[in-house]
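Undergrad: Below you'll find the structure I mean.
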Amino acid sequence: MKGSKRLLRGRGKSAVYELRVATGRDPVTGKYGQVSRRWPGYAVDDPEVTTADKALAKLVKELEGNRSGRTAGAGITVDQLLVKWLKQITSEGRSPTTLREYRRLIDKRISPALGHVPARKVTALELDEFYQGLTDEGLAPASVRQVHAILRAGFRQAVKWRFLASNPATDASPPKLVSKTVTAPTVAEVQAMIQAAESDDPDMATLIALAVVTGARRGELCGLRWGDVDWTGHTLTIERSVATMGRGQLITKDTKTHAARRLTLDTFGEETLKRHLRVTEDRAADLGISVTPDSPIFTYDLVRPIAPDIVSHYVRSIATKVGVDTHLHALRHFAATELIGAGHDVRTVAGRLGHRDASVTLKVYSHALPERDRDAATALGKALTPG
C-alpha cells in the first residue's frame with residue numbers, strides 16, 4: 001500500500017498538505033479506491049521533523065491494518081463466523097442457558113442451511129427466503145425471530161471485525177410476532193391446586209404459594225436460600241436463578257435481568273415460609289445436619305436445589321389432577337394480573353416481577369387494564385356529577 005503527499009498551499013510551518021493512500025481492491029466490495037486527508041504540517045525543505053510524513057506513514061499503517069482484517073475475513077463461512085461470535089459473547093459473560101439455546105439453534109437451524117456459505121455472500125433476500133423456509137416447516141414466528149437475532153448479532157460483530165462491509169440481516173424481514181393474550185388461573189383454581197399439593201407434596205404446595213405471592217420465575221424460586229429471607233424486615237431477596245444444563249446438571253446464575261430485587265412478604269407468604277422452615281429443620285435434625293443461610297429453600301436432599309423441570313412437571317400434573325388447564329409460568333401471570341386488577345401501578349408490578357422495563361409489563365399484561373379503565377371512568381364521572 002503506497003502513499004503520497006501534495007502541497008496545497010503555504011510554505012514552512014504554515015504549509016497544508018493533501019495525503020493520499022491507494023487502498024487497492026477491497027476484498028468485500030471488489031472496488032478500487034483511495035483515501036485522502038488534509039494535514040497542516042512542515043514543508044518538505046524544513047530542516048525539522050516533517051509531521052506530514054509521519055501522518056502519512058500512520059495513515060498507511062492504519063489502512064493496511066483495516067485491509068488485513070477484511071482480507072482475513074473475506075472467505076469466512078457463516079459457521080466459522082458464528083463460532084467466533086459465540087466465543088466472543090461467552091467471554092463477555094453471557095448466560096450459560098442463553099448460550100446453550102444459541103448453540104442449539106445454530107446446530108439445528110442455521111448450519112444445515114447457511115453454515116457452508118461465505119458470510120460476505122449472504123444477502124437480505126437469501127435470509128428472507130431462509131426465514132420463509134423455516135416458517136413453512138412449521139417453526140413458530142418467535143423461534144424464527146430468535147434465529148434472525150443470532151444472525152444479526154453475528155453479522156454485526158463481523159462488521160466490527162471488518163470481515164464485512166455491512167450487515168445483511170439489517171435489511172432482512174423476519175416474520176412478525178402475533179401477540180397472544182396471556183391466560184392465568186382464577187383465585188379458586190389456584191387455591192384448589194395448593195390444597196391438592198398440601199396432601200400430595202407439602203414442599204411443592206409451599207413453592208406454588210410462593211410463586212403466586214411473588215410472581216417469581218421458576219429458576220428464581222429454585223434458587224432461593226434461607227439467607228434470602230429477612231424475617232425482621234419481612235422481605236425476600238431474589239438475586240439468583242437455577243437452570244438445568246446438559247444431562248441434568250444444575251447451575252446457579254444471575255437472574256434474567258442480572259439484578260437482585262427485594263420483595264415485601266405479606267402475612268400469608270411469611271407464615272407459609274415459616275411452616276416450611278420448621279418442617280425443613282425437623283428433617284435436617286433427623287439427618288444430623290443443620291439448616292444454614294446457604295441451604296436451599298426448596299430441596300429434596302437439603303443440599304441441592306430442586307430442578308426447575310421437576311417443578312414445572314409437578315405443577316402441570318397437580319393442575320390436571322384438580323381439573324385446571326394451567327402451568328407454572330401462568331402463576332406468574334396470575335400475580336401480575338391480580339396486582340394490576342387491584343389498581344397497583346405498572347411500575348410497581350414490573351419491579352415485583354423483575355421486569356427491567358415497565359413497558360414490557362404493560363405490553364404483556366395490557367389485557368388486565370380495561371377493568372382499571374372502567375374504574376377510572378366511573379371515578380371521573382362521579383367527580384363531575386352534581387351533588
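For the C-alpha cells, the naming scheme is as follows: chains receive sequential letters (A, B, ...) according to their order of presentation, residues are indexed from 1 within each chain, and ligands are indexed from 1 in presentation order.
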Neighbours of A:Leu353 within 10 Å (only C-alpha atoms; same-chain residues fewer than 6 positions away dropped), as a ChimeraX atom specification?
TA: /A:214-217,261,263,332-333,335-336,347,361
Undergrad: Could you give me, as a PyMOL selection string, the residues within 12 Å of stretch 113-122 of chain A, counting only C-alpha atoms and dropping anything in the same chain fewer than 5 positions from it?
TA: chain A and resi 27-30+70-83+105-108+127-131+133-134+147+151-152+154-159+162-172
Undergrad: Okay, now the selection with N, CA and C atoms, as a compact mmCIF listing (two decimals), in the first residue's frame?
TA:
# COMPACT_ATOMS: atom_id res chain seq x y z
N PRO A 27 -11.53 -6.60 -0.80
CA PRO A 27 -11.94 -8.00 -0.97
C PRO A 27 -13.42 -8.23 -0.74
N VAL A 28 -14.08 -7.29 -0.08
CA VAL A 28 -15.51 -7.44 0.20
C VAL A 28 -16.35 -6.83 -0.90
N THR A 29 -16.06 -5.57 -1.25
CA THR A 29 -16.88 -4.87 -2.25
C THR A 29 -16.37 -5.07 -3.66
N GLY A 30 -15.07 -5.42 -3.81
CA GLY A 30 -14.49 -5.58 -5.13
C GLY A 30 -14.12 -4.27 -5.80
N ARG A 70 -10.05 -7.24 6.75
CA ARG A 70 -11.05 -7.68 5.80
C ARG A 70 -10.56 -8.87 4.97
N THR A 71 -9.28 -8.87 4.67
CA THR A 71 -8.72 -9.99 3.91
C THR A 71 -8.82 -11.27 4.73
N ALA A 72 -8.56 -11.17 6.03
CA ALA A 72 -8.63 -12.35 6.90
C ALA A 72 -10.04 -12.91 6.96
N GLY A 73 -11.04 -12.02 6.86
CA GLY A 73 -12.41 -12.48 6.96
C GLY A 73 -13.11 -12.64 5.64
N ALA A 74 -12.38 -12.43 4.54
CA ALA A 74 -13.02 -12.45 3.23
C ALA A 74 -13.64 -13.80 2.90
N GLY A 75 -13.01 -14.90 3.30
CA GLY A 75 -13.52 -16.22 2.95
C GLY A 75 -14.21 -16.93 4.09
N ILE A 76 -14.44 -16.24 5.19
CA ILE A 76 -15.01 -16.90 6.36
C ILE A 76 -16.46 -17.31 6.09
N THR A 77 -16.81 -18.53 6.49
CA THR A 77 -18.17 -19.01 6.29
C THR A 77 -19.06 -18.58 7.46
N VAL A 78 -20.35 -18.75 7.29
CA VAL A 78 -21.30 -18.40 8.35
C VAL A 78 -21.02 -19.22 9.61
N ASP A 79 -20.75 -20.52 9.42
CA ASP A 79 -20.42 -21.37 10.56
C ASP A 79 -19.19 -20.86 11.31
N GLN A 80 -18.13 -20.56 10.57
CA GLN A 80 -16.89 -20.09 11.18
C GLN A 80 -17.11 -18.76 11.90
N LEU A 81 -17.89 -17.91 11.29
CA LEU A 81 -18.18 -16.61 11.91
C LEU A 81 -18.93 -16.79 13.23
N LEU A 82 -19.94 -17.66 13.22
CA LEU A 82 -20.75 -17.85 14.43
C LEU A 82 -19.95 -18.52 15.54
N VAL A 83 -18.99 -19.36 15.18
CA VAL A 83 -18.10 -19.95 16.20
C VAL A 83 -17.31 -18.84 16.89
N LEU A 105 -29.88 -23.62 18.28
CA LEU A 105 -30.48 -23.06 17.06
C LEU A 105 -29.47 -23.02 15.91
N ILE A 106 -28.22 -22.73 16.23
CA ILE A 106 -27.19 -22.72 15.19
C ILE A 106 -27.02 -24.12 14.61
N ASP A 107 -26.89 -25.12 15.49
CA ASP A 107 -26.67 -26.50 15.03
C ASP A 107 -27.87 -27.06 14.27
N LYS A 108 -29.08 -26.75 14.76
CA LYS A 108 -30.28 -27.37 14.19
C LYS A 108 -30.85 -26.59 13.01
N LEU A 127 -31.61 -14.39 3.24
CA LEU A 127 -32.09 -14.55 4.62
C LEU A 127 -33.60 -14.61 4.66
N ASP A 128 -34.27 -13.76 3.88
CA ASP A 128 -35.73 -13.78 3.86
C ASP A 128 -36.26 -15.12 3.36
N GLU A 129 -35.61 -15.67 2.35
CA GLU A 129 -36.01 -16.99 1.84
C GLU A 129 -35.75 -18.08 2.87
N PHE A 130 -34.67 -17.94 3.61
CA PHE A 130 -34.35 -18.89 4.69
C PHE A 130 -35.42 -18.82 5.77
N TYR A 131 -35.82 -17.63 6.18
CA TYR A 131 -36.85 -17.47 7.20
C TYR A 131 -38.19 -18.03 6.73
N GLY A 133 -38.58 -20.44 4.61
CA GLY A 133 -38.46 -21.89 4.66
C GLY A 133 -38.69 -22.44 6.06
N LEU A 134 -38.14 -21.77 7.06
CA LEU A 134 -38.35 -22.19 8.44
C LEU A 134 -39.82 -22.10 8.83
N VAL A 147 -33.69 -17.03 15.53
CA VAL A 147 -32.67 -17.35 14.54
C VAL A 147 -32.16 -16.05 13.90
N LEU A 151 -28.24 -14.37 13.79
CA LEU A 151 -27.55 -13.97 12.56
C LEU A 151 -27.25 -12.48 12.55
N ARG A 152 -28.19 -11.68 12.99
CA ARG A 152 -27.98 -10.23 13.01
C ARG A 152 -26.83 -9.86 13.93
N GLY A 154 -24.36 -11.88 14.90
CA GLY A 154 -23.12 -12.42 14.36
C GLY A 154 -22.57 -11.56 13.23
N PHE A 155 -23.44 -11.15 12.32
CA PHE A 155 -23.01 -10.29 11.21
C PHE A 155 -22.59 -8.90 11.71
N ARG A 156 -23.27 -8.42 12.74
CA ARG A 156 -22.88 -7.12 13.31
C ARG A 156 -21.47 -7.17 13.86
N GLN A 157 -21.14 -8.28 14.51
CA GLN A 157 -19.78 -8.43 15.03
C GLN A 157 -18.78 -8.54 13.88
N ALA A 158 -19.18 -9.19 12.79
CA ALA A 158 -18.30 -9.31 11.63
C ALA A 158 -17.97 -7.94 11.03
N VAL A 159 -18.94 -7.06 11.06
CA VAL A 159 -18.69 -5.69 10.59
C VAL A 159 -17.69 -4.99 11.51
N ARG A 162 -14.38 -5.99 10.81
CA ARG A 162 -14.04 -5.62 9.43
C ARG A 162 -13.97 -6.81 8.48
N PHE A 163 -14.68 -7.89 8.84
CA PHE A 163 -14.82 -9.02 7.93
C PHE A 163 -15.83 -8.68 6.84
N LEU A 164 -16.82 -7.86 7.19
CA LEU A 164 -17.88 -7.48 6.26
C LEU A 164 -17.98 -5.96 6.20
N ALA A 165 -18.46 -5.47 5.06
CA ALA A 165 -18.66 -4.03 4.91
C ALA A 165 -20.00 -3.61 5.49
N SER A 166 -20.98 -4.52 5.50
CA SER A 166 -22.31 -4.19 6.01
C SER A 166 -22.97 -5.45 6.55
N ASN A 167 -24.05 -5.26 7.27
CA ASN A 167 -24.78 -6.36 7.90
C ASN A 167 -26.00 -6.71 7.05
N PRO A 168 -26.01 -7.87 6.38
CA PRO A 168 -27.15 -8.24 5.52
C PRO A 168 -28.44 -8.46 6.30
N ALA A 169 -28.33 -8.82 7.58
CA ALA A 169 -29.54 -9.09 8.37
C ALA A 169 -30.30 -7.82 8.71
N THR A 170 -29.64 -6.66 8.60
CA THR A 170 -30.32 -5.40 8.91
C THR A 170 -31.51 -5.17 8.01
N ASP A 171 -31.38 -5.57 6.74
CA ASP A 171 -32.46 -5.35 5.78
C ASP A 171 -33.35 -6.57 5.60
N ALA A 172 -33.10 -7.64 6.34
CA ALA A 172 -33.93 -8.84 6.25
C ALA A 172 -35.23 -8.62 7.02
Undergrad: Between atom CA of A:Leu250 and atom CA of A:Val182, measure the distance and give it in Å to one decimal.
TA: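 Taking atom CA of A:Leu250 and atom CA of A:Val182, their separation equals 28.9 Å.
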Undergrad: Record the distance separating atom CA of A:Thr326 and atom CA of A:Pro185, expressed in Å with one decimal.
TA: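 We find that atom CA of A:Thr326 and atom CA of A:Pro185 lie 6.6 Å from each other.
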Undergrad: Please identify the helix (DSSP H, G or I) residues within stretch 207-349 of chain A (assignment by DSSP from backbone atoms) and present them as a PyMOL selection string.
TA: chain A and resi 207-214+218-222+226-228+246-248+267-287+308-321+328-341+346-349
Undergrad: Extract, using only C-alpha atoms, all DNA, RNA and protein residues at most 8 Å from A:Pro308, discarding same-chain residues fewer than 3 positions from it, and format them as a list in words.
TA: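 Once the nearby chain positions are removed, what remains is Arg218, Gly219, Cys222, Val242, Ala243, Thr244, Val311 and Ser312 of chain A.
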Undergrad: From stretch 102-317 of chain A, collect each residue whose DSSP state is strand (DSSP E) and return the set as a list of chain:residue names.
TA: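 Here are the strand (DSSP E) residues of stretch 102-317 of chain A: A:Val229, A:Asp230, A:Thr235, A:Leu236, A:Thr237, A:Ile238, A:Ser241, A:Val242, A:Ala243, A:Thr244, A:Leu250, A:Ile251, A:Thr252, A:Lys253, A:Arg261, A:Arg262, A:Leu263, A:Thr264.
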Undergrad: Between atom CA of A:Glu189 and atom CA of A:Ser317, what is the spacing in Å?
TA: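 Computing it gives 13.7 Å between the two atoms.
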Undergrad: Using only C-alpha atoms, which of the listed residues (A:Lys321, A:Arg283, A:Arg103, A:Lys256) sits closest to A:Ala197?
TA: A:Lys321
